[in-house]
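final-v7.cif, holding mmCIF, C-alpha atoms:
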```cif
data_protein
#
loop_
_atom_site.label_atom_id
_atom_site.label_comp_id
_atom_site.auth_asym_id
_atom_site.auth_seq_id
_atom_site.Cartn_x
_atom_site.Cartn_y
_atom_site.Cartn_z
CA MET A 17 45.18 -29.91 9.90
CA ASN A 18 48.23 -27.86 9.14
CA PHE A 19 46.15 -25.27 7.28
CA LYS A 20 43.75 -24.84 10.20
CA TYR A 21 46.71 -24.58 12.60
CA TYR A 22 48.17 -21.71 10.60
CA LEU A 23 44.79 -19.95 10.52
CA TYR A 24 44.52 -20.12 14.31
CA LEU A 25 48.08 -18.88 14.64
CA LEU A 26 47.43 -15.86 12.38
CA ALA A 27 44.24 -15.01 14.28
CA GLY A 28 46.14 -15.08 17.59
CA LEU A 29 48.85 -12.80 16.26
CA ALA A 30 46.25 -10.33 14.97
CA THR A 31 44.56 -10.27 18.39
CA ALA A 32 47.90 -9.64 20.12
CA VAL A 33 48.77 -6.74 17.80
CA THR A 34 45.34 -5.17 18.33
CA GLY A 35 45.76 -5.42 22.11
CA CYS A 36 49.16 -3.73 21.94
CA LYS A 37 47.72 -0.87 19.90
CA ASN A 38 44.89 -0.38 22.39
CA THR A 39 47.35 -0.35 25.29
CA ALA A 40 49.54 2.23 23.55
CA SER A 41 46.53 4.42 22.83
CA ASP A 42 45.46 4.14 26.48
CA ASN A 43 48.95 5.26 27.60
CA LYS A 44 48.82 8.24 25.27
CA GLY A 45 45.49 9.20 26.66
CA SER A 46 46.79 9.04 30.21
CA GLU A 47 49.74 11.28 29.30
CA VAL A 48 47.46 13.91 27.83
CA ALA A 49 45.17 13.78 30.85
CA ALA A 50 48.05 14.44 33.33
CA PRO A 51 47.07 16.95 36.03
CA VAL A 52 48.18 20.54 35.41
CA ALA A 53 49.48 22.67 38.29
CA THR A 54 46.97 25.31 39.21
CA ALA A 55 48.13 28.93 39.34
CA ALA A 56 48.14 30.79 42.63
CA PRO A 57 44.93 32.70 43.23
CA LYS A 58 45.06 36.36 42.32
CA LEU A 59 44.67 38.94 45.05
CA GLN A 60 41.44 40.83 45.05
CA GLN A 61 41.26 44.56 45.53
CA PRO A 62 42.25 46.41 47.60
CA PHE A 63 45.12 43.94 48.30
CA ARG A 64 48.30 44.07 46.20
CA TYR A 65 50.77 41.85 48.04
CA HIS A 66 50.65 38.82 50.32
CA LYS A 67 53.33 36.60 51.79
CA THR A 68 53.02 34.05 54.62
CA ILE A 69 55.97 33.31 56.91
CA GLU A 70 55.83 30.34 59.27
CA VAL A 71 58.16 30.90 62.23
CA ALA A 72 57.07 27.90 64.31
CA PRO A 73 54.28 25.30 64.18
CA GLY A 74 51.05 27.25 64.53
CA LEU A 75 52.84 30.64 64.48
CA TYR A 76 52.36 32.56 61.22
CA TYR A 77 53.04 36.09 60.00
CA ASP A 78 50.94 37.18 57.03
CA VAL A 79 52.27 40.38 55.42
CA LEU A 80 49.76 42.23 53.25
CA GLY A 81 50.04 45.33 51.08
CA TRP A 82 46.85 47.13 50.17
CA GLY A 83 45.36 50.40 48.88
CA ARG A 84 42.90 51.75 46.35
CA GLY A 85 43.08 54.60 43.85
CA SER A 86 46.87 54.95 43.60
CA GLU A 87 49.80 52.68 42.81
CA LEU A 88 52.37 55.13 44.22
CA VAL A 89 51.43 54.81 47.90
CA GLY A 90 49.95 52.08 50.05
CA ALA A 91 49.74 50.53 53.48
CA TYR A 92 51.01 47.29 54.97
CA GLN A 93 49.63 44.92 57.60
CA ILE A 94 51.47 42.25 59.56
CA LEU A 95 48.94 39.71 60.81
CA ARG A 96 50.39 37.54 63.58
CA SER A 97 48.48 34.30 64.15
CA ASP A 98 49.39 32.15 67.15
CA SER A 99 46.90 29.30 67.05
CA ALA A 100 48.51 27.51 70.02
CA SER A 101 47.91 30.47 72.35
CA ALA A 102 44.86 31.76 70.45
CA LYS A 103 46.44 35.22 70.08
CA TYR A 104 45.99 37.33 66.97
CA THR A 105 47.58 40.78 66.58
CA THR A 106 47.96 43.32 63.75
CA THR A 107 50.77 45.77 62.98
CA THR A 108 50.16 48.47 60.36
CA GLY A 109 52.03 51.25 58.56
CA ASP A 110 52.31 53.24 55.32
CA TYR A 111 54.83 52.98 52.49
CA ASP A 112 55.67 54.57 49.13
CA GLY A 113 55.87 52.59 45.90
CA ARG A 114 55.43 48.84 46.19
CA ILE A 115 56.44 45.91 48.40
CA VAL A 116 59.25 43.89 46.81
CA ASP A 117 59.80 41.13 49.37
CA VAL A 118 59.52 40.20 53.05
CA PHE A 119 62.19 38.47 55.17
CA ASN A 120 62.36 37.03 58.67
CA SER A 121 65.31 36.22 60.88
CA ASP A 122 66.56 36.11 64.46
CA MET A 123 69.68 38.23 64.08
CA ASP A 124 70.50 38.55 67.80
CA THR A 125 69.54 34.90 68.51
CA ASP A 126 67.28 35.84 71.44
CA GLY A 127 64.33 33.75 70.25
CA ASN A 128 62.34 36.79 69.10
CA PRO A 129 61.83 36.91 65.32
CA GLU A 130 62.37 40.00 63.18
CA ILE A 131 60.23 40.86 60.17
CA PHE A 132 61.69 43.02 57.37
CA ILE A 133 59.48 44.57 54.67
CA HIS A 134 61.47 45.74 51.62
CA THR A 135 59.68 48.45 49.64
CA GLN A 136 60.82 50.25 46.51
CA ALA A 137 59.75 53.76 45.58
CA ALA A 138 58.40 54.43 42.12
CA ASP A 139 60.74 57.30 41.26
CA SER A 140 63.68 57.75 38.91
CA THR A 141 66.20 56.23 41.35
CA ASN A 142 64.03 53.37 42.69
CA TYR A 143 65.46 53.81 46.16
CA ALA A 144 64.73 51.20 48.79
CA GLU A 145 63.11 51.57 52.20
CA VAL A 146 62.95 48.82 54.80
CA PHE A 147 60.46 48.54 57.66
CA ALA A 148 61.83 46.38 60.47
CA PHE A 149 59.96 44.93 63.46
CA GLU A 150 61.00 42.66 66.30
CA TYR A 151 58.32 40.55 67.98
CA ASN A 152 58.29 39.49 71.62
CA ASP A 153 55.29 37.15 71.90
CA ASP A 154 52.34 39.23 70.65
CA ARG A 155 54.09 42.62 71.13
CA SER A 156 55.87 44.27 68.20
CA ARG A 157 58.65 46.86 68.39
CA LYS A 158 59.68 48.93 65.40
CA LEU A 159 63.43 49.11 64.71
CA ASP A 160 65.12 52.14 63.18
CA PHE A 161 66.63 50.92 59.93
CA PRO A 162 70.02 52.61 59.25
CA ARG A 163 70.23 54.92 56.27
CA LEU A 164 73.08 54.76 53.81
CA THR A 165 76.03 56.91 54.79
CA ARG A 166 77.53 59.49 52.47
CA SER A 167 80.20 57.11 51.23
CA GLN A 168 77.68 54.27 50.82
CA ARG A 169 75.36 56.51 48.77
CA LYS A 170 78.14 57.38 46.33
CA GLY A 171 77.10 56.03 42.92
CA TYR A 172 73.84 54.59 44.30
CA ARG A 173 70.93 54.29 41.84
CA GLY A 174 68.52 52.03 43.73
CA ASN A 175 67.29 48.60 42.61
CA ASP A 176 68.59 46.96 45.78
CA ASN A 177 68.74 43.22 46.35
CA PHE A 178 68.12 42.05 49.95
CA PHE A 179 68.70 38.52 51.23
CA ILE A 180 69.46 36.61 54.43
CA LYS A 181 72.95 35.14 54.91
CA ASP A 182 74.21 33.47 58.11
CA GLY A 183 71.25 34.92 60.01
CA ASN A 184 71.98 38.54 59.01
CA LEU A 185 70.27 40.78 56.48
CA MET A 186 72.42 41.58 53.43
CA ARG A 187 71.99 44.42 50.95
CA GLU A 188 73.59 44.49 47.49
CA PHE A 189 73.28 47.08 44.73
CA ASP A 190 75.10 48.30 41.64
CA VAL A 191 77.37 51.33 41.85
CA PHE A 192 77.58 53.77 38.94
CA ASP A 193 79.95 56.56 38.06
CA GLU A 194 78.79 60.01 39.18
CA GLU A 195 78.82 61.23 35.57
CA ASP A 196 76.63 58.30 34.44
CA THR A 197 73.32 60.02 35.25
CA LEU A 198 71.32 57.50 33.18
CA ALA A 199 72.80 54.53 35.09
CA LYS A 200 73.72 52.62 31.93
CA LYS A 201 76.88 50.78 32.99
CA PRO A 202 77.65 49.79 36.62
CA ILE A 203 81.29 49.95 37.66
CA GLN A 204 81.00 47.57 40.65
CA LYS A 205 78.68 46.13 43.32
CA ARG A 206 78.42 47.27 46.92
CA LEU A 207 77.55 44.79 49.69
CA ILE A 208 76.32 45.89 53.13
CA GLU A 209 75.64 43.67 56.13
CA TYR A 210 73.11 44.53 58.87
CA SER A 211 73.31 43.18 62.39
CA LEU A 212 71.17 43.60 65.51
CA ARG A 213 72.72 44.26 68.91
CA GLY A 214 70.43 45.04 71.80
CA ASN A 215 67.72 47.33 70.47
CA SER A 216 69.53 48.87 67.51
CA LEU A 217 70.43 47.85 63.97
CA SER A 218 73.90 48.60 62.62
CA ALA A 219 75.29 48.49 59.06
CA SER A 220 78.81 47.69 57.91
CA GLN A 221 80.13 47.63 54.36
CA VAL A 222 81.54 44.23 53.39
CA SER A 223 82.73 44.94 49.85
CA LYS A 224 85.77 47.07 49.11
CA ASP A 225 85.24 49.99 46.76
CA SER A 226 87.64 50.53 43.89
CA THR A 227 87.06 54.27 44.29
CA ASP A 228 88.76 54.13 47.70
CA ASN A 229 91.94 52.80 46.07
CA LYS A 230 91.90 55.62 43.53
CA GLN A 231 91.54 58.19 46.29
CA THR A 232 94.46 56.69 48.20
CA GLU A 233 96.70 56.79 45.14
CA THR A 234 95.75 60.41 44.44
CA THR A 235 96.52 61.42 48.01
CA THR A 236 99.90 59.72 47.87
CA VAL A 237 100.84 61.55 44.68
CA ALA A 238 99.65 64.86 46.09
CA ASP A 239 101.89 64.45 49.16
CA LYS A 240 105.11 64.33 47.14
CA PRO A 241 105.31 68.09 46.28
CA LYS A 242 104.78 68.93 49.95
CA ARG A 243 107.85 66.92 50.89
CA GLN A 244 109.90 68.76 48.27
CA THR A 245 108.66 72.09 49.58
CA ARG A 246 109.75 71.18 53.08
CA THR A 247 113.21 70.25 51.79
CA SER A 248 113.57 73.51 49.88
CA SER A 249 112.43 75.49 52.92
CA SER A 250 115.03 73.74 55.08
CA ASN A 251 117.69 74.57 52.47
CA ASN A 252 116.61 78.20 52.53
CA ARG A 253 116.88 78.27 56.30
CA SER A 254 120.36 76.78 56.26
CA SER A 255 121.53 79.27 53.59
CA ALA A 256 120.05 82.11 55.65
CA ARG A 257 121.98 80.91 58.69
CA LYS A 258 125.21 80.77 56.69
CA SER A 259 124.72 84.28 55.37
CA SER A 260 123.99 85.63 58.84
CA SER A 261 127.10 83.92 60.26
CA SER A 262 129.26 85.29 57.44
CA LYS A 263 127.93 88.80 58.14
CA LYS A 264 128.82 88.45 61.81
CA LYS A 265 132.37 87.41 60.89
CA THR A 266 132.76 90.42 58.56
CA THR A 267 131.60 92.91 61.22
CA SER A 268 133.89 91.35 63.82
CA LYS A 269 136.90 91.77 61.48
CA LYS A 270 136.07 95.42 60.90
CA GLU A 271 135.87 96.10 64.65
CA THR A 272 139.28 94.49 65.31
CA ARG A 273 140.84 96.67 62.57
CA LYS A 274 139.42 99.85 64.11
CA LYS A 275 140.79 98.91 67.56
CA ARG A 276 144.27 98.36 66.13
CA ARG A 277 144.27 101.79 64.50
CA ARG A 278 143.33 103.48 67.75
CA HIS A 279 146.15 101.83 69.62
CA ARG A 280 148.63 103.08 67.01
#
```
As structure tokens, how would this structure be written, given the file I've shared?
Amino acid sequence: MNFKYYLYLLAGLATAVTGCKNTASDNKGSEVAAPVATAAPKLQQPFRYHKTIEVAPGLYYDVLGWGRGSELVGAYQILRSDSASAKYTTTTGDYDGRIVDVFNSDMDTDGNPEIFIHTQAADSTNYAEVFAFEYNDDRSRKLDFPRLTRSQRKGYRGNDNFFIKDGNLMREFDVFDEEDTLAKKPIQKRLIEYSLRGNSLSASQVSKDSTDNKQTETTTVADKPKRQTRTSSSNNRSSARKSSSSKKKTTSKKETRKKRRRHR
């Protein structure tokens, strides 16, 4: 009886081990067969760029870049889809280079969204150009995007980075020394903030340039010789006055001597 009992016990243990192995193999198979994320579908010609922006439920802005035959120029389309009102409008334009990114905001908080298309030219400086539109229902109005001022262009070599912060559009780029024509080593970053008031966009520089400090120090040093020159000129004037007064005294003495001789 004991021998048969041990045989049954060994058979049960073997069955349990086999079941565990099968379960482990099933788990391995399930891990291998895990679903793989599918890549985004590629755009077909003539389209090069596409980004969808949802402003409100049922209100979409699809921004497309397209063109055939050349990679240096192209055209953009802003497709506005308002499914709630069944209104569909298109805004078009041309650009140089390629579309880098598209942003939306409501900078003046009037309930009308703004769409910004950031393009980058395919030249040696990779300068940026921004196309800005404000939408009022299904009507679009193009906004004049401010160009960089002379001081803001100093050391500019393109490759801008645009982003939205606190509802405003921000622009950041590296600044290079004027002698660094190959743009190898940036000396600082420049940050510009854009705001919308009424119907016009304005730009203000947020970052402080180190070059401004150098210019201030140079001006201060250059002012010192001028102060010394003024002091020397005042000394010359005072000495001239003294000499003229001494001459007057000498002539007056001579005249008194002549009068005395006449009286004698």
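With all atoms listed in the file taken into account, the protein and nucleic acid residues at most 6 Å from A:Asn184 (excluding it and anything under 2 positions from it in its own chain) are A:Met123, A:Ile180, A:Lys181, A:Asp182, A:Ser211.
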>> List as a VMD selection string the protein and nucleic acid residues near A:Asp110, meaning an atom at most 9 Å away when all atoms listed in the file are counted, but skip any in the same chain fewer than 3 places from it.
In response: chain A and resid 89 to 92
> Residues picked by the PyMOL selection byres ((chain A and resi 108) around 12) here, as a PyMOL selection string?
Replying inline: chain A and resi 78-82+90-96+105-107+109-111+133+147-149+156-158
> Got a sec to resolve the PyMOL selection byres ((chain A and resi 219) around 8) on this structure and send the residues as a ChimeraX atom specification?
Replying inline: /A:162,208-211,217-218,220-221
>> Which residues are near A:Tyr76? Cut-off 9 Å, all atoms listed in the file, ignore same chain within fewer than 5 positions. Put them as a ChimeraX atom specification.
In response: /A:68-71,95-99
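Atom CA of A:Tyr65 is found 20.9 Å from atom CA of A:Glu150.
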> Any idea what's packed within 9 Å of A:Ala100, counting all atoms listed in the file, ignoring anything in its chain fewer than 6 positions away? Could you give it as a ChimeraX atom specification?
Replying inline: /A:73-75
>> Nearest residue to A:Gly85 out of A:Lys224, A:Lys205, A:Lys200, A:Arg64, using only C-alpha atoms?
In response: A:Arg64
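Distance-wise, atom CA of A:Asp196 and atom CA of A:Arg169 end up 14.5 Å apart.
Going from atom CA of A:Thr165 over to atom CA of A:Arg187, you cover 13.7 Å.
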